[in-house]
$ cat final_26.txt   # compact mmCIF, C-alpha atoms
# COMPACT_ATOMS: atom_id res chain seq x y z
CA MET A 1 12.10 4.29 20.64
CA LEU A 2 12.37 7.02 18.00
CA VAL A 3 10.05 6.67 14.99
CA VAL A 4 10.07 8.69 11.78
CA LYS A 5 6.75 8.65 9.92
CA LYS A 6 6.26 10.15 6.47
CA PHE A 7 2.82 10.85 5.00
CA GLY A 8 2.18 11.72 1.36
CA GLY A 9 -0.11 14.35 -0.07
CA THR A 10 -3.21 12.19 -0.37
CA SER A 11 -2.82 11.17 3.28
CA VAL A 12 -3.26 14.80 4.36
CA GLY A 13 -5.55 15.90 1.52
CA ASN A 14 -8.41 17.19 3.68
CA LYS A 15 -9.50 17.79 7.27
CA ASP A 16 -10.61 14.20 7.94
CA ARG A 17 -7.36 12.75 6.64
CA ILE A 18 -5.28 15.24 8.59
CA MET A 19 -7.09 14.23 11.76
CA ASN A 20 -6.62 10.55 10.87
CA VAL A 21 -2.85 11.04 10.51
CA ALA A 22 -2.72 13.03 13.74
CA LYS A 23 -4.45 10.21 15.64
CA ARG A 24 -2.13 7.54 14.16
CA CYS A 25 0.94 9.51 15.20
CA ILE A 26 -0.49 10.14 18.66
CA GLU A 27 -0.97 6.37 19.13
CA ASP A 28 2.79 5.88 18.89
CA TYR A 29 3.44 8.93 21.02
CA LYS A 30 1.23 7.61 23.84
CA LYS A 31 3.22 4.37 23.83
CA GLY A 32 6.18 6.41 25.03
CA ASN A 33 7.90 6.75 21.67
CA ASP A 34 9.56 9.87 20.29
CA VAL A 35 7.77 10.71 17.04
CA VAL A 36 9.04 12.75 14.09
CA VAL A 37 6.54 13.28 11.27
CA VAL A 38 7.45 14.32 7.71
CA LEU A 39 4.67 15.66 5.48
CA SER A 40 4.18 16.38 1.81
CA ALA A 41 1.97 19.17 0.47
CA MET A 42 -1.78 18.53 0.67
CA GLY A 43 -3.31 16.62 -2.23
CA LYS A 44 -2.81 18.43 -5.53
CA MET A 45 -1.45 21.62 -3.97
CA THR A 46 1.94 21.33 -5.68
CA ASP A 47 0.27 20.96 -9.08
CA GLU A 48 -1.97 23.94 -8.32
CA LEU A 49 1.02 26.08 -7.35
CA ILE A 50 2.82 25.13 -10.56
CA ALA A 51 -0.26 26.05 -12.58
CA LYS A 52 -0.53 29.43 -10.83
CA ALA A 53 3.12 30.13 -11.56
CA LYS A 54 2.68 29.31 -15.25
CA GLU A 55 -0.26 31.75 -15.40
CA ILE A 56 2.09 34.53 -14.33
CA ASN A 57 5.21 33.43 -16.19
CA PRO A 58 5.30 30.50 -18.64
CA ASN A 59 9.03 30.05 -17.95
CA PRO A 60 9.62 30.89 -14.29
CA SER A 61 13.08 30.61 -12.80
CA ARG A 62 13.81 27.45 -10.84
CA ARG A 63 14.84 29.53 -7.83
CA GLU A 64 11.46 31.26 -7.63
CA MET A 65 9.60 28.00 -8.28
CA ASP A 66 11.35 26.44 -5.28
CA MET A 67 10.47 29.46 -3.16
CA LEU A 68 6.83 29.02 -4.18
CA LEU A 69 6.57 25.24 -3.86
CA THR A 70 7.95 25.10 -0.32
CA THR A 71 4.78 26.83 0.87
CA GLY A 72 2.81 23.63 0.20
CA GLU A 73 4.64 21.59 2.82
CA GLN A 74 4.63 24.47 5.28
CA THR A 75 0.84 24.55 5.04
CA SER A 76 0.66 20.82 5.78
CA VAL A 77 2.92 20.82 8.84
CA SER A 78 1.32 23.84 10.47
CA LEU A 79 -2.19 22.40 10.05
CA MET A 80 -1.00 19.06 11.44
CA ALA A 81 0.46 20.75 14.51
CA MET A 82 -2.87 22.50 15.03
CA ALA A 83 -4.70 19.18 14.70
CA MET A 84 -2.52 17.50 17.31
CA ASP A 85 -2.88 20.45 19.64
CA SER A 86 -6.68 20.17 19.32
CA LEU A 87 -6.35 16.53 20.44
CA GLY A 88 -4.40 17.58 23.52
CA VAL A 89 -0.91 16.55 22.39
CA PRO A 90 1.96 19.07 22.18
CA ALA A 91 3.43 19.38 18.70
CA VAL A 92 5.66 21.78 16.81
CA SER A 93 6.00 22.33 13.07
CA LEU A 94 9.41 23.08 11.56
CA ASN A 95 10.38 24.02 8.03
CA ALA A 96 13.73 23.25 6.39
CA PHE A 97 15.26 26.55 7.52
CA GLN A 98 14.26 26.01 11.16
CA VAL A 99 15.59 22.45 11.16
CA ALA A 100 18.66 23.52 9.20
CA MET A 101 18.42 20.95 6.44
CA HIS A 102 21.42 21.79 4.28
CA THR A 103 21.31 20.98 0.55
CA THR A 104 23.15 21.69 -2.66
CA SER A 105 22.08 24.70 -4.73
CA VAL A 106 20.54 22.77 -7.62
CA TYR A 107 17.04 24.22 -7.67
CA SER A 108 14.19 21.73 -8.15
CA ASN A 109 16.58 18.79 -7.79
CA ALA A 110 18.77 19.50 -4.76
CA ARG A 111 20.53 16.85 -2.69
CA ILE A 112 20.72 16.80 1.09
CA LYS A 113 24.25 17.42 2.40
CA ARG A 114 23.64 17.28 6.15
CA ILE A 115 20.95 17.86 8.76
CA ASP A 116 21.41 19.72 12.05
CA THR A 117 19.50 17.68 14.62
CA ASP A 118 19.83 19.93 17.70
CA ARG A 119 16.49 21.70 17.26
CA ILE A 120 14.59 18.46 16.68
CA MET A 121 16.21 16.72 19.66
CA ASN A 122 15.43 19.69 21.94
CA GLU A 123 11.77 19.58 20.92
CA LEU A 124 11.61 15.81 21.44
CA GLU A 125 13.13 16.19 24.91
CA GLN A 126 10.18 18.44 25.74
CA ARG A 127 7.90 15.53 24.75
CA LYS A 128 6.56 17.17 21.62
CA ILE A 129 5.75 15.50 18.35
CA VAL A 130 8.01 17.17 15.79
CA ILE A 131 6.46 17.75 12.35
CA VAL A 132 8.93 18.57 9.57
CA THR A 133 8.38 19.78 6.03
CA GLY A 134 9.38 17.22 3.44
CA PHE A 135 10.69 17.91 -0.06
CA GLN A 136 12.68 21.02 0.86
CA GLY A 137 16.03 22.27 2.10
CA VAL A 138 18.19 25.36 2.36
CA ASP A 139 21.41 25.98 0.44
CA GLN A 140 24.56 27.76 1.57
CA PHE A 141 23.09 31.11 0.54
CA ASP A 142 19.92 30.59 2.64
CA ASN A 143 17.79 30.03 -0.44
CA TYR A 144 15.04 27.44 -0.29
CA THR A 145 15.56 24.42 -2.52
CA THR A 146 13.40 21.42 -3.37
CA LEU A 147 14.45 17.80 -3.74
CA GLY A 148 12.38 16.80 -6.77
CA ARG A 149 8.98 15.14 -6.96
CA GLY A 150 8.67 12.56 -4.19
CA GLY A 151 11.45 14.23 -2.23
CA SER A 152 9.57 13.97 1.07
CA ASP A 153 10.57 10.29 1.14
CA THR A 154 14.20 11.38 0.99
CA THR A 155 13.64 13.88 3.79
CA ALA A 156 12.21 11.14 5.99
CA VAL A 157 15.03 8.67 5.38
CA ALA A 158 17.68 11.36 5.82
CA LEU A 159 16.12 12.34 9.15
CA ALA A 160 15.91 8.70 10.23
CA ALA A 161 19.60 8.28 9.47
CA ALA A 162 20.66 11.54 11.15
CA LEU A 163 18.56 10.85 14.26
CA HIS A 164 19.51 7.14 14.40
CA ALA A 165 15.80 6.34 14.40
CA ASP A 166 14.59 2.88 15.33
CA ALA A 167 12.01 2.82 12.55
CA CYS A 168 11.19 4.69 9.35
CA GLU A 169 7.65 4.26 8.04
CA ILE A 170 6.51 5.61 4.69
CA TYR A 171 2.72 6.00 4.49
CA THR A 172 1.02 6.34 1.10
CA ASP A 173 -2.37 5.81 -0.49
CA VAL A 174 -1.44 2.20 -1.31
CA ASP A 175 -0.73 -0.55 1.19
CA GLY A 176 2.76 -1.46 0.04
CA VAL A 177 5.00 -2.10 -2.95
CA TYR A 178 3.34 -4.05 -5.76
CA THR A 179 4.71 -6.15 -8.59
CA ALA A 180 3.42 -3.38 -10.88
CA ASP A 181 1.26 -0.29 -10.60
CA PRO A 182 -2.15 -1.83 -9.72
CA ARG A 183 -3.87 1.07 -11.47
CA LYS A 184 -2.29 -0.08 -14.75
CA VAL A 185 -1.89 -3.83 -14.18
CA SER A 186 -4.97 -5.37 -12.58
CA GLU A 187 -3.11 -8.61 -11.72
CA ALA A 188 -0.41 -6.81 -9.70
CA LYS A 189 0.25 -8.26 -6.25
CA LYS A 190 1.66 -6.77 -3.08
CA LEU A 191 5.16 -7.83 -2.08
CA ASN A 192 5.93 -8.60 1.55
CA GLU A 193 9.58 -7.64 1.20
CA ILE A 194 12.00 -6.37 -1.42
CA THR A 195 15.72 -5.54 -1.48
CA TYR A 196 17.12 -2.01 -1.58
CA ASP A 197 18.62 -2.68 -5.01
CA GLU A 198 15.38 -3.93 -6.50
CA MET A 199 13.40 -1.07 -4.95
CA LEU A 200 15.93 1.45 -6.21
CA GLU A 201 15.55 0.20 -9.77
CA MET A 202 11.76 0.18 -9.49
CA ALA A 203 11.71 3.72 -8.07
CA THR A 204 14.08 5.01 -10.73
CA LEU A 205 12.12 3.33 -13.50
CA GLY A 206 8.70 4.72 -12.66
CA ALA A 207 7.30 3.01 -9.55
CA GLY A 208 5.93 6.03 -7.69
CA VAL A 209 5.84 4.45 -4.24
CA LEU A 210 9.29 5.66 -3.12
CA HIS A 211 11.65 8.40 -4.28
CA ASN A 212 14.81 6.80 -5.67
CA ARG A 213 17.14 8.94 -3.56
CA SER A 214 15.35 7.84 -0.41
CA VAL A 215 16.19 4.24 -1.27
CA GLU A 216 19.83 5.19 -1.96
CA LEU A 217 20.06 6.81 1.47
CA ALA A 218 18.32 3.92 3.18
CA LYS A 219 20.79 1.44 1.68
CA LYS A 220 23.79 3.63 2.51
CA HIS A 221 22.81 4.10 6.16
CA GLY A 222 21.07 0.77 6.72
CA VAL A 223 17.66 2.32 7.38
CA ALA A 224 14.98 -0.38 7.17
CA LEU A 225 11.88 1.04 5.52
CA VAL A 226 8.28 -0.05 5.77
CA VAL A 227 5.85 1.14 3.09
CA ARG A 228 2.22 0.99 4.20
CA SER A 229 -1.14 2.68 3.77
CA SER A 230 -2.25 5.63 5.89
CA LEU A 231 -5.86 4.57 5.37
CA THR A 232 -5.65 1.01 6.74
CA THR A 233 -3.75 -0.85 9.45
CA GLU A 234 -2.54 -3.64 7.17
CA GLU A 235 1.12 -4.66 7.17
CA GLY A 236 3.07 -3.15 4.32
CA THR A 237 6.24 -3.97 2.40
CA VAL A 238 9.64 -4.10 4.10
CA VAL A 239 12.56 -2.67 2.10
CA LYS A 240 15.91 -3.99 3.33
CA GLU A 241 19.32 -5.31 2.32
CA SER A 242 18.41 -8.93 1.71
CA VAL A 243 15.26 -11.01 1.53
CA LYS A 244 14.38 -14.64 2.04
CA SER A 245 15.96 -16.92 -0.54
CA ARG A 246 13.76 -17.53 -3.56
CA ASP A 247 13.96 -19.33 -6.86
CA ASN A 248 12.59 -16.56 -9.06
CA GLU A 249 14.50 -13.49 -10.14
CA ILE A 250 11.69 -11.13 -11.18
CA SER A 251 10.26 -8.89 -8.47
CA GLY A 252 8.23 -6.50 -10.58
CA VAL A 253 7.40 -4.58 -13.72
CA ALA A 254 7.66 -0.79 -13.92
CA GLY A 255 6.43 1.77 -16.42
CA ASP A 256 7.49 5.40 -16.74
CA ASP A 257 5.81 7.83 -19.13
CA ASP A 258 7.78 10.78 -17.73
CA ALA A 259 10.38 10.28 -20.43
CA ALA A 260 11.47 11.99 -23.62
CA ARG A 261 13.83 10.89 -26.37
CA ILE A 262 16.48 13.05 -28.04
CA ALA A 263 18.41 11.96 -31.12
CA VAL A 264 21.46 13.90 -32.29
CA MET A 265 21.82 12.87 -35.92
CA GLY A 266 24.76 12.93 -38.31
CA ILE A 267 27.61 13.33 -35.85
CA GLU A 268 31.19 13.11 -37.07
CA ASP A 269 32.61 9.67 -36.23
CA THR A 270 35.61 11.02 -34.32
CA PRO A 271 36.79 10.69 -30.69
CA GLY A 272 35.29 13.08 -28.14
CA MET A 273 31.97 13.83 -29.79
CA ALA A 274 29.92 11.94 -27.19
CA PHE A 275 31.76 13.79 -24.43
CA LYS A 276 30.97 17.16 -25.99
CA ILE A 277 27.26 16.34 -26.19
CA PHE A 278 26.87 14.99 -22.68
CA ASN A 279 29.15 17.61 -21.13
CA VAL A 280 26.76 20.30 -22.37
CA LEU A 281 23.86 18.50 -20.69
CA ALA A 282 25.80 17.93 -17.47
CA LYS A 283 26.50 21.64 -17.15
CA LYS A 284 22.75 22.25 -17.34
CA ASN A 285 22.10 19.58 -14.66
CA VAL A 286 20.14 17.43 -17.11
CA ASN A 287 20.10 13.75 -16.14
CA VAL A 288 20.48 11.33 -19.03
CA ASP A 289 19.23 7.75 -18.83
CA MET A 290 19.19 5.34 -21.77
CA ILE A 291 21.90 5.94 -24.38
CA LEU A 292 22.22 4.36 -27.83
CA GLN A 293 24.93 5.08 -30.39
CA SER A 294 24.34 3.76 -33.88
CA VAL A 295 26.02 3.99 -37.26
CA GLY A 296 24.31 6.53 -39.48
CA HIS A 297 25.22 7.26 -43.09
CA ASN A 298 28.23 8.78 -44.85
CA ASP A 299 30.60 7.61 -42.10
CA LYS A 300 28.64 9.47 -39.46
CA LYS A 301 26.83 8.27 -36.33
CA ASP A 302 23.66 9.02 -34.42
CA ILE A 303 23.39 9.24 -30.63
CA SER A 304 19.98 8.80 -28.99
CA PHE A 305 19.21 9.13 -25.30
CA THR A 306 16.37 9.74 -22.88
CA VAL A 307 15.75 12.49 -20.34
CA LYS A 308 12.85 13.39 -18.10
CA GLU A 309 10.03 14.99 -20.05
CA GLU A 310 10.22 18.19 -17.99
CA GLU A 311 13.90 18.59 -18.96
CA LEU A 312 13.43 18.03 -22.70
CA ASP A 313 13.19 21.69 -23.71
CA ILE A 314 16.17 22.62 -21.51
CA ALA A 315 18.25 19.82 -23.03
CA VAL A 316 17.40 20.62 -26.65
CA LYS A 317 18.02 24.34 -26.18
CA ALA A 318 21.37 23.66 -24.50
CA LEU A 319 22.49 21.44 -27.37
CA GLU A 320 21.38 23.98 -29.99
CA ASP A 321 23.02 26.88 -28.14
CA TYR A 322 26.34 25.29 -27.23
CA LEU A 323 27.07 22.74 -29.96
CA PRO A 324 28.36 24.23 -33.24
CA ASP A 325 26.15 23.44 -36.21
CA SER A 326 29.09 21.64 -37.81
CA TYR A 327 28.96 18.97 -35.06
CA TYR A 328 25.64 17.48 -36.19
CA GLU A 329 23.07 17.47 -38.96
CA GLU A 330 19.84 17.45 -36.98
CA ILE A 331 18.37 17.14 -33.47
CA LYS A 332 15.12 15.22 -33.12
CA ALA A 333 13.03 15.15 -29.94
CA SER A 334 9.92 13.27 -28.90
CA LYS A 335 7.77 13.22 -25.76
CA GLU A 336 5.62 10.36 -27.04
CA VAL A 337 7.74 7.62 -25.47
CA ALA A 338 7.75 5.60 -22.26
CA LYS A 339 10.03 3.13 -20.46
CA VAL A 340 8.94 -0.36 -19.44
CA SER A 341 11.19 -2.52 -17.27
CA ILE A 342 11.38 -5.90 -15.60
CA ILE A 343 13.32 -5.88 -12.32
CA GLY A 344 14.78 -8.69 -10.27
CA LYS A 345 17.93 -9.48 -8.33
CA GLY A 346 20.41 -11.39 -10.44
CA LEU A 347 18.09 -11.26 -13.45
CA LEU A 348 20.82 -11.39 -16.06
CA ASN A 349 22.34 -14.52 -14.50
CA HIS A 350 19.29 -16.45 -15.69
CA TYR A 351 19.48 -17.07 -19.41
CA GLY A 352 16.63 -16.09 -21.64
CA MET A 353 14.88 -13.58 -19.36
CA ALA A 354 15.40 -10.66 -21.75
CA ALA A 355 14.33 -12.83 -24.70
CA ARG A 356 11.14 -13.78 -22.88
CA MET A 357 10.33 -10.13 -22.29
CA PHE A 358 11.01 -9.22 -25.93
CA ASN A 359 8.86 -12.12 -27.09
CA ALA A 360 6.00 -11.03 -24.82
CA LEU A 361 6.13 -7.53 -26.29
CA TYR A 362 6.30 -8.93 -29.81
CA LYS A 363 3.16 -10.99 -29.20
CA ALA A 364 1.47 -7.86 -27.82
CA ASP A 365 2.46 -5.95 -30.99
CA VAL A 366 4.64 -3.49 -29.07
CA ASN A 367 7.60 -2.03 -30.96
CA ILE A 368 10.88 -1.61 -29.03
CA ARG A 369 12.79 1.59 -29.79
CA MET A 370 15.73 1.33 -27.39
CA ILE A 371 17.08 -1.23 -24.90
CA SER A 372 19.08 -0.78 -21.71
CA THR A 373 20.14 -3.36 -19.10
CA SER A 374 21.81 -3.71 -15.72
CA GLU A 375 22.45 -6.69 -13.46
CA ILE A 376 18.91 -6.56 -12.11
CA ARG A 377 16.74 -5.02 -14.80
CA VAL A 378 15.93 -4.90 -18.50
CA THR A 379 14.43 -1.64 -19.78
CA VAL A 380 12.92 -0.93 -23.16
CA LEU A 381 11.72 2.31 -24.68
CA VAL A 382 8.33 2.04 -26.36
CA ASN A 383 5.71 4.38 -27.77
CA GLN A 384 3.88 6.10 -24.92
CA GLU A 385 0.52 4.77 -26.11
CA ASP A 386 1.87 1.22 -25.73
CA MET A 387 3.19 1.52 -22.17
CA VAL A 388 0.25 -0.03 -20.31
CA LYS A 389 -0.09 -2.81 -22.89
CA ALA A 390 3.63 -3.56 -22.58
CA MET A 391 3.49 -3.60 -18.77
CA ASN A 392 0.62 -6.06 -18.78
CA ALA A 393 2.32 -8.28 -21.37
CA ALA A 394 5.56 -8.42 -19.35
CA HIS A 395 3.70 -8.97 -16.08
CA GLU A 396 1.71 -11.84 -17.58
CA GLU A 397 4.85 -13.44 -19.00
CA PHE A 398 6.51 -13.58 -15.58
CA GLU A 399 3.33 -14.00 -13.53
CA MET A 400 4.14 -17.45 -12.12
CA GLN A 401 7.50 -16.26 -10.85
CA ILE A 402 5.94 -13.19 -9.31
CA LYS A 403 3.31 -15.38 -7.59
CA ASN A 404 6.05 -17.53 -6.12
CA PHE A 405 7.86 -14.47 -4.83
CA GLN A 406 4.71 -13.23 -3.12
CA MET A 407 4.10 -16.56 -1.43
CA GLU A 408 7.65 -16.99 -0.20
CA GLY A 409 7.97 -13.51 1.31
CA CYS A 410 7.95 -12.74 5.02
CA VAL A 411 7.28 -9.67 7.13
CA CYS A 412 10.18 -8.80 9.40

$ encode --input "final_26.txt" --output "structure tokens"
Amino acid sequence: MLVVKKFGGTSVGNKDRIMNVAKRCIEDYKKGNDVVVVLSAMGKMTDELIAKAKEINPNPSRREMDMLLTTGEQTSVSLMAMAMDSLGVPAVSLNAFQVAMHTTSVYSNARIKRIDTDRIMNELEQRKIVIVTGFQGVDQFDNYTTLGRGGSDTTAVALAAALHADACEIYTDVDGVYTADPRKVSEAKKLNEITYDEMLEMATLGAGVLHNRSVELAKKHGVALVVRSSLTTEEGTVVKESVKSRDNEISGVAGDDDAARIAVMGIEDTPGMAFKIFNVLAKKNVNVDMILQSVGHNDKKDISFTVKEEELDIAVKALEDYLPDSYYEEIKASKEVAKVSIIGKGLLNHYGMAARMFNALYKADVNIRMISTSEIRVTVLVNQEDMVKAMNAAHEEFEMQIKNFQMEGCVC
């Protein structure tokens, strides 16, 4: 049996936790399994590296930032190999270049194209535990790239798919996927199982348990995931294609304060203007989420949309540099916003769900600034200071349904 295990930064944050992870991996190894371990950088190391870079250059290039940030994961895997060796088990650490993990050349947000598995398989055949750096890859020019925050999850799933692993386990500092972030919603409950589609929406909309691309890959390649804690032996949450039939359609509430709003005001009401705006952003690799077009004044229109907070300055500068002044009257930007969503399979097939959410926010005195929907979620943009209040209001509104979902789940 081949098992891929991924451990996050808090799981390897100090010596004791590194040794704990080493022992957990060795348990599987001693059962006769082949074990591949994927690690994130230790604790807050990535944040510390970013801070050091900003001390030197407030606006460092993305290429050099990727070169710097990959050192965090390399530190983790080498220390883990040393820990396993001290416990008498052969292990080898490999970075993205040594594995040959090929990615696109989009620095700080690269996508995995393919993984060469020969080196890993050779090491496994020698009965070693193979420890691989998460979060990073190498592009066609042999430059290091990174996969975005949480990218170690994607590394693990991609490896599980490429190696045809029998299991892919994602270990975090929580014991599974919850109906909401338990640090923000005290009544949040752990789910026993959840579908890929629901988990993808939750990950995209702010649930920090799994990286959204890891869920995309898992669904595409049929990799069953288990999310569990590295600090306990409790069963976690299974993420898979389908779950046990249930009456309710709400699986969770998500909040995301890593959002910013841009409004391009006073645009000529003529064909092609939206294309010109979003084409500029696409060329700068800026991802756009919620979009709202409204009628302005004097036969003109306004287009508002959201981006990640870290991409706000890049987006605004691109629009100012590449859009002629005659195209618009004003560009407004705000970081003081957040997204709150309810997620559930087939949500929009049940009448009144969106209205119930809006009513809950109204009663909580939360103003809605934008609305976006899909088949399995309703997302609203609110003031950042209202995010936690809105999450709790939505969670309370659908609490009975969420309780039923928890009770009907099963561990597979």

$ residues_around --input "final_26.txt" --residues "segment 143-159 of chain A" --least-positions-apart "5" --cutoff "7 Å" --atoms "only C-alpha atoms" --output "NGL selection string"
:A and (4 or 6 or 38-40 or 66-67 or 105 or 107-111 or 134-138 or 168 or 210-211 or 213-214 or 217-218)

$ closest_residue --input "final_26.txt" --among "A:Val307, A:Met357, A:Ile368, A:Leu79" --to "Lys15 of chain A" --atoms "all atoms listed in the file"
A:Leu79

$ atom_distance --input "final_26.txt" --atom1 "atom CA of Val3 of chain A" --atom2 "atom CA of Leu69 of chain A"
26.7 Å

$ closest_residue --input "final_26.txt" --among "A:Lys113, A:Ser242, A:Ile120, A:Asp181" --to "Leu2 of chain A" --atoms "all atoms listed in the file"
A:Ile120

$ atom_distance --input "final_26.txt" --atom1 "atom CA of Gly43 of chain A" --atom2 "atom CA of Asp175 of chain A"
17.7 Å

$ closest_residue --input "final_26.txt" --among "A:Thr306, A:Ser251, A:Thr10, A:Thr373" --to "Ile194 of chain A" --atoms "only C-alpha atoms"
A:Ser251

$ residues_around --input "final_26.txt" --residues "Ala22 of chain A" --least-positions-apart "2" --cutoff "7 Å" --atoms "all atoms listed in the file" --output "JSON, numbers by chain"
{"A": [18, 19, 20, 24, 25, 26, 80, 83, 84]}

$ atom_distance --input "final_26.txt" --atom1 "atom CA of Leu312 of chain A" --atom2 "atom CA of Ala260 of chain A"
6.4 Å

$ residues_around --input "final_26.txt" --residues "Asn392 of chain A" --least-positions-apart "5" --cutoff "10 Å" --atoms "only C-alpha atoms" --output "list in words"
Ala180, Lys184, Val185, Ser186, Glu187, Ala188, Val253, Ala360, Leu361, Ala364, Met387, Glu397 and Glu399 of chain A

$ residues_around --input "final_26.txt" --residues "segment 319-333 of chain A" --least-positions-apart "2" --cutoff "10 Å" --atoms "only C-alpha atoms" --output "VMD selection string"
chain A and resid 260 to 268 273 276 to 281 300 to 306 312 to 317 335 to 336

$ residues_near_point --input "final_26.txt" --point "(0.3, 6.2, -26.4)" --cutoff "12 Å" --atoms "only C-alpha atoms" --output "short mmCIF file (atom, residue, chain, number, x, y, z; two decimals) with C-alpha atoms, in the frame of the given file"
data_model
loop_
_atom_site.label_atom_id
_atom_site.label_comp_id
_atom_site.auth_asym_id
_atom_site.auth_seq_id
_atom_site.Cartn_x
_atom_site.Cartn_y
_atom_site.Cartn_z
CA ASP A 257 5.81 7.83 -19.13
CA LYS A 335 7.77 13.22 -25.76
CA GLU A 336 5.62 10.36 -27.04
CA VAL A 337 7.74 7.62 -25.47
CA ALA A 338 7.75 5.60 -22.26
CA LYS A 339 10.03 3.13 -20.46
CA VAL A 366 4.64 -3.49 -29.07
CA ASN A 367 7.60 -2.03 -30.96
CA VAL A 382 8.33 2.04 -26.36
CA ASN A 383 5.71 4.38 -27.77
CA GLN A 384 3.88 6.10 -24.92
CA GLU A 385 0.52 4.77 -26.11
CA ASP A 386 1.87 1.22 -25.73
CA MET A 387 3.19 1.52 -22.17
CA VAL A 388 0.25 -0.03 -20.31
CA LYS A 389 -0.09 -2.81 -22.89
CA ALA A 390 3.63 -3.56 -22.58
#

$ axis_aligned_box --input "final_26.txt" --around "segment 43-61 of chain A" --padding-each-side "6 Å" --output "lines of an AutoDock Vina configuration file"
center_x = 4.9
center_y = 25.6
center_z = -10.4
size_x = 28.4
size_y = 29.9
size_z = 28.4

$ closest_atom_pairs --input "final_26.txt" --of "segment 18-78 of chain A" --to "segment 88-103 of chain A" --cutoff "8 Å" --atoms "all atoms listed in the file" --output "tab-separated table"
residue	atom	partner	partner_atom	distance
A:Ile26	CA	A:Val89	CA	7.4
A:Gln74	CA	A:Asn95	CA	6.4
A:Val77	CA	A:Ser93	CA	5.4
A:Ser78	CA	A:Ser93	CA	5.6

$ closest_residue --input "final_26.txt" --among "A:Val12, A:Leu292, A:Ala393, A:Ile129" --to "Arg356 of chain A" --atoms "all atoms listed in the file"
A:Ala393

$ residues_around --input "final_26.txt" --residues "Val21 of chain A" --least-positions-apart "5" --cutoff "8 Å" --atoms "all atoms listed in the file" --output "list in words"
Phe7, Ser11, Val12 and Ser230 of chain A

$ closest_residue --input "final_26.txt" --among "A:Arg119, A:Val106, A:Ile291, A:Tyr171" --to "Arg62 of chain A" --atoms "all atoms listed in the file"
A:Val106

$ decode --input "final_26.txt" --residues "segment 259-271 of chain A" --atoms "N, CA and C atoms" --output "PDB file, in the first residue's frame"
ATOM      1  N   ALA A 259      -9.962  39.663   0.713  1.00  0.00           N
ATOM      2  CA  ALA A 259     -10.673  40.142  -0.469  1.00  0.00           C
ATOM      3  C   ALA A 259     -10.564  41.654  -0.546  1.00  0.00           C
ATOM      4  N   ALA A 260     -10.637  42.166  -1.759  1.00  0.00           N
ATOM      5  CA  ALA A 260     -10.644  43.607  -1.986  1.00  0.00           C
ATOM      6  C   ALA A 260     -11.627  43.901  -3.119  1.00  0.00           C
ATOM      7  N   ARG A 261     -12.217  45.066  -3.078  1.00  0.00           N
ATOM      8  CA  ARG A 261     -13.229  45.450  -4.072  1.00  0.00           C
ATOM      9  C   ARG A 261     -12.708  46.591  -4.929  1.00  0.00           C
ATOM     10  N   ILE A 262     -12.889  46.461  -6.231  1.00  0.00           N
ATOM     11  CA  ILE A 262     -12.526  47.513  -7.180  1.00  0.00           C
ATOM     12  C   ILE A 262     -13.784  47.912  -7.938  1.00  0.00           C
ATOM     13  N   ALA A 263     -14.005  49.197  -8.081  1.00  0.00           N
ATOM     14  CA  ALA A 263     -15.135  49.711  -8.857  1.00  0.00           C
ATOM     15  C   ALA A 263     -14.593  50.649  -9.927  1.00  0.00           C
ATOM     16  N   VAL A 264     -14.878  50.321 -11.178  1.00  0.00           N
ATOM     17  CA  VAL A 264     -14.517  51.189 -12.300  1.00  0.00           C
ATOM     18  C   VAL A 264     -15.778  51.966 -12.650  1.00  0.00           C
ATOM     19  N   MET A 265     -15.757  53.258 -12.391  1.00  0.00           N
ATOM     20  CA  MET A 265     -16.963  54.081 -12.464  1.00  0.00           C
ATOM     21  C   MET A 265     -17.029  54.872 -13.775  1.00  0.00           C
ATOM     22  N   GLY A 266     -18.269  55.099 -14.223  1.00  0.00           N
ATOM     23  CA  GLY A 266     -18.484  55.972 -15.371  1.00  0.00           C
ATOM     24  C   GLY A 266     -17.941  55.430 -16.677  1.00  0.00           C
ATOM     25  N   ILE A 267     -18.223  54.174 -16.964  1.00  0.00           N
ATOM     26  CA  ILE A 267     -17.749  53.554 -18.198  1.00  0.00           C
ATOM     27  C   ILE A 267     -18.766  53.800 -19.315  1.00  0.00           C
ATOM     28  N   GLU A 268     -18.291  54.039 -20.507  1.00  0.00           N
ATOM     29  CA  GLU A 268     -19.189  54.194 -21.639  1.00  0.00           C
ATOM     30  C   GLU A 268     -20.020  52.920 -21.826  1.00  0.00           C
ATOM     31  N   ASP A 269     -21.316  53.081 -22.042  1.00  0.00           N
ATOM     32  CA  ASP A 269     -22.227  51.941 -22.186  1.00  0.00           C
ATOM     33  C   ASP A 269     -22.219  51.455 -23.635  1.00  0.00           C
ATOM     34  N   THR A 270     -21.074  50.881 -24.027  1.00  0.00           N
ATOM     35  CA  THR A 270     -20.896  50.380 -25.385  1.00  0.00           C
ATOM     36  C   THR A 270     -20.308  48.972 -25.331  1.00  0.00           C
ATOM     37  N   PRO A 271     -20.521  48.169 -26.381  1.00  0.00           N
ATOM     38  CA  PRO A 271     -19.993  46.796 -26.389  1.00  0.00           C
ATOM     39  C   PRO A 271     -18.465  46.766 -26.267  1.00  0.00           C
TER      40      PRO A 271
END
